[in-house]
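Asker: Questions regarding the structure given below will be posed in turn.
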Amino acid sequence: MASTEIARQAGEGARAVPLAGHVGFDSMPDQLVNKSVNHGFCFNILCVGETGLGKSTLMDTLFNTKFEGEPTQHNQPGVQLKSNTYELQESNVRLKLTVVNTVGFGDQINKEDSYKSIVEFIDAQFEAYLQEELKIKRTLHSYHDTRIHACLYFIAPTGHSLKSLDLVTMKKLDSKVNIIPIIAKSDAISKSELTKFKIKITSELVSNGVQIYQFPTDDETVAEINSTMNGHLPFAVVGSTEEVKIGNKMVKARQYPWGTVQVENENHCDFVKLREMLIRVNMEDLREQTHTSHYELYRRCKLEEMGFKDTDPDCKPFSLQETYEAKRNEFMGELQKKEEEMRQMFVQRVKEKEGELKEAEKELHEKFDRLKKLHQDEKKKLEDKRKSLDDELNMFKQKKTAAELLLNQAQQAGGSTTLKRDKERKNFF
Amino acid sequence: MSHAERLEGSSEADRNSSMMGSGGETQQKNLEGYVGFANLPNQVYRKSVKRGFEFTLMVVGESGLGKSTLINSLFLTDLYSPEYPGPSHRIKKTVKVEQSKVLVKEGGVQLLLTIVDTPGFGDAVDNSDCWQPVIDHIDNKFEDYLNSESRVNRRLMPDNRVHCCLYFIAPSGHGLKPLDIEFMKRLHEKVNIIPLIAKADTMTPEEGQQFKKQIMREIQEHKIRIYEFPETDDEEEIKLVKKIKERLPLAVVGSNTIIEVNGKRVRGRQYPWGVAEVENGEHCDFTILRNMLIRTHMQDLKDVTNNVHYENYRSRKLAAVTYNGVDNNRNKGQLTKNQTDDGMSPLAQMEEERREHVSKMKKMEMEMEQVFEMKVKEKIQKLKDSEAELQRRHEQMKRNLEAQHRELEEKRRQHEDEKAQWEAQQRQLEQQKLEASRTLEKNKKKKIF
């Protein structure tokens, strides 16, 4: 019996021992399945295609139910993604199905950026999962996984080749999601044209290096059917929710004046093949591929972007703790450096300003010194003037005193003369 | 108690699933025909068989309690044989932890079984810390898994974590020994513990019942959380689980020998007074253990290890790394008080811290700016004031000097006036004198005549 992955991993470390009876661990797959069924499944489909290619109708047909939504208009300014989640149940299996539609895809005049919102949306789901996975307290077990598991790319039934918008978009998406290209509204193409169309599409995809999803052929139970189906890609589908009576059964079909296209008739279109492959056989594989390959790629790129490495320069593996510590130290160092820089800047400014102010102060002092000197001079002049005035006053005083003295003397003499005269007069008499 | 509740500190918000994009709420839809996803379980089945299974079982107990024999009986194989001796036959000085890996196949299903032994456990005279090597082993496996989960390039990660620990209790008939209690208390948060009563064929059914009740009482008393069965809505399962719970802890007997009893070949132990059959439900609980451990709850044991024990280890480990940075050792394994945002990944935390730091820096910058402006303004104001002051004084002095000048001028003028007056007076006096002397002269001349 083919060895399992686990066995291959164990390699030399384990020895195989025979069992002497029925132990009972062959119930493990059943235990696992029971748990999954109890937990419920979840699946997310993204439908990319121009407006009017029948995306919503096909979803309704695939899942045999009427999903929400009115047909969208053609006048959308950009590509938007609308998602709706539904709870479906078939026998005992519960499925949480999310259908994401691209609204307005292909309607703009300039379609260069059309793929961007799609890529952003897919990345956002990966990011949300990554964030949850990196949390300290996380609940991955009950996390509602919103990552896109399958992307149905609707190709317009021109019959010629892929449009450049299709090639560009698919090229951008092929490393992020499982792409399953389908030819929409294929009842517009005749059988011979269809074969040519399919060949053309496949060769264009190959020559442009677009990796579409291949149904897995490693599990022998489904290898055969998967590899056959791989040859029928891209599936040419027709969707319809209306029923027409054929024979004595009501079947889903589209009625034309020239005949009725039966959706579930394998001669008319590949709808049944699509349903088989997408839902019945490979749903779990699509989920697994998304998780182990597309998500891991996203995660790896994101972590490398953030500077995480698996080995240090000596090629010894880092432990998680070391990685986080290193990151943290780096981070703290950065913060500190920033703080230092800011401080330094301020110190610089303070110094500069201080210099300026000192200059101003110096000038002011000089000015006052000058004024002071002026004062001194003025004062001196005043002093001189005062002195000269005083001298004059003194001189005058002296003169005056001298004059008065003289006067007094004269008066005395004069007085005595007068006295003498008077005396003489008296003597006369 | 549900598994979700056992997660340390998990909140209601964490347990609710997150919603996607612009979808809003989920709607229930009825299928109007065949779709085919009912086949999903088969797809899962197929893939799991292809991948294969792995399980790690740890057995702990004093030597001589029949651990190796029980393992051989459980897996119907000579895991421990003369070439690969069991723990009792190996020389041990201190408690060691040893692994044996075997690959077994049954019904198309491959199982990689790892048995972890603890030879030397509880055999020394002083058994303090004899559980430490066990704890270290379990933590090491968790750490390995954490590291491989955290690598940038991840491959399929081998799950070597210990999924279940069978703890062997000696059939003393009295109760748990202190060592039993210590061990279980320290390990119940790290691994699923299934306590077993070893060598149950040494007790009568009544003694067994008493013993079991006593043990369960003590377990509850010491708040030890042994492995709990998952909640289920299935009627059958509920009945099954109830039956198991009634017989806890399971009393087991193991045997490597096959004996013929009533024409049937059974595993058992031959005594002079009869044969104790291993797989006889009335003799011991071996069948219940085997069915529970292998046939029904093996997957659940793995899930609880992954979703509860491992997550607890991981969150403790990561909290210690990110919150304490340098001080890892101080708070190792303990959640710090200021762990308010425990819903974040360490990287998101760093982002948050970065943002906080940026706003802190902005604030600091603003403050510094303000202080700077204020100081500059002050200084300039001071300069202005001193300039004004000195200007004022200069003006004052100028005015003072001018006043003095004027005073002086006034004085001079006065003096000049005075002088002029006095000189005028003098001149008058002179004139008078002259006149007087002239008159006198005249008189004199007259007199002479």
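Chain labels run A, B, ... following the order of the structure tokens; each chain numbers its residues from 1, and ligands are numbered from 1 in the order shown.
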Residues of chain A within 6 Å of chain B, counting only C-alpha atoms - could you list those as a PyMOL selection string?
Answerer: chain A and resi 4-6+14-17+19-21+23-27+29+33+63-65+83-88+90+93+134-137+142-144+279-280+300+310+319-320
Asker: If DSSP is run on the backbone, what residues of range 189-422 of chain A are helix (DSSP H, G or I)? A reply as number ranges by chain would be ideal.
Answerer: A: 191-207, 220-230, 271-281, 283-305, 320-422
Asker: Have a look at B:His283, B:Ile181, B:Lys302, B:Asn443 and name the one nearest to Thr56 in chain B; count only C-alpha atoms.
Answerer: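 Looking at the shortest contact to Thr56 in chain B, the residue is B:Lys302.
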Asker: Could you state the separation of CA of Arg225 in chain B and CA of Gly175 in chain B in Å, given to one decimal place?
Answerer: 17.2 Å
Asker: When distances are computed from only C-alpha atoms, which of A:His141, A:His149, A:Lys176, A:Lys55 shows the smallest separation from Val103 in chain A?
Answerer: A:Lys55
Asker: Which of these residues is nearest to Gln73 in chain A, using only C-alpha atoms: A:Lys379, A:Arg254, A:Gly104, A:Asn92?
Answerer: A:Gly104
Asker: Quick one: residues within 9 Å of Val278 in chain B, only C-alpha atoms counted, chain neighbours fewer than 5 positions away excluded, as a PyMOL selection string?
Answerer: chain B and resi 73+252-255+266-269+283-287
Asker: Which one is closest to Arg247 in chain B: B:Glu395, B:Pro230, B:Ile197, B:Val275? Count only C-alpha atoms.
Answerer: B:Ile197
Asker: Could you tell me, as a ChimeraX atom specification, which residues of range 82-277 of chain A DSSP assigns to strand (DSSP E) when given the backbone?
Answerer: /A:82-90,93-103,150-155,179-183,235-236,243-246,249-256,259-262
Asker: Just give me the gap between CA of Gly54 in chain A and CA of Gly78 in chain A in Å, one decimal is fine.
Answerer: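 CA of Gly78 in chain A lies 19.4 Å from CA of Gly54 in chain A.
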Asker: Near Gln108 in chain A, counting only C-alpha atoms, which residues have an atom at most 10 Å away, once you skip same-chain residues fewer than 3 positions from it, shown as a PyMOL selection string?
Answerer: chain A and resi 74-79+104-105+111-114
Asker: Can I get the selected residues back with C-alpha atoms, as an mmCIF file, in the first residue's frame?
Answerer:
```cif
data_model
loop_
_atom_site.group_PDB
_atom_site.id
_atom_site.type_symbol
_atom_site.label_atom_id
_atom_site.label_comp_id
_atom_site.auth_asym_id
_atom_site.auth_seq_id
_atom_site.Cartn_x
_atom_site.Cartn_y
_atom_site.Cartn_z
ATOM 1 C CA HIS A 74 -22.946 48.965 -16.459
ATOM 2 C CA ASN A 75 -22.142 52.379 -15.121
ATOM 3 C CA GLN A 76 -19.978 51.480 -12.124
ATOM 4 C CA PRO A 77 -17.055 53.856 -11.629
ATOM 5 C CA GLY A 78 -14.659 51.136 -10.547
ATOM 6 C CA VAL A 79 -14.519 47.474 -9.766
ATOM 7 C CA GLY A 104 -18.394 46.578 -12.665
ATOM 8 C CA PHE A 105 -15.530 44.504 -13.946
ATOM 9 C CA LYS A 111 -9.368 48.956 -17.426
ATOM 10 C CA GLU A 112 -5.745 49.102 -16.393
ATOM 11 C CA ASP A 113 -6.533 49.035 -12.719
ATOM 12 C CA SER A 114 -9.460 46.679 -12.826
#
```
Asker: Residues near Gln99 in chain B, anyone? I mean within 10 Å using only C-alpha atoms, not counting same-chain ones fewer than 6 positions away, as an mmCIF file with C-alpha atoms, in the first residue's frame.
Answerer:
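Generated file (result-v7.cif):
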```
data_model
loop_
_atom_site.group_PDB
_atom_site.id
_atom_site.type_symbol
_atom_site.label_atom_id
_atom_site.label_comp_id
_atom_site.auth_asym_id
_atom_site.auth_seq_id
_atom_site.Cartn_x
_atom_site.Cartn_y
_atom_site.Cartn_z
ATOM 1 C CA THR B 56 1.796 10.574 21.003
ATOM 2 C CA LEU B 57 0.939 8.779 24.206
ATOM 3 C CA MET B 58 2.780 9.318 27.446
ATOM 4 C CA THR B 114 4.952 7.615 19.698
ATOM 5 C CA ILE B 115 5.092 6.265 23.214
ATOM 6 C CA VAL B 116 6.794 8.443 25.781
ATOM 7 C CA ASP B 117 8.147 6.688 28.849
ATOM 8 C CA THR B 118 9.303 8.089 32.119
#
```
Asker: Just give me the gap between CA of Arg161 in chain B and CA of Val59 in chain B in Å, one decimal is fine.
Answerer: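 Straight-line distance from CA of Arg161 in chain B to CA of Val59 in chain B works out to 13.9 Å.
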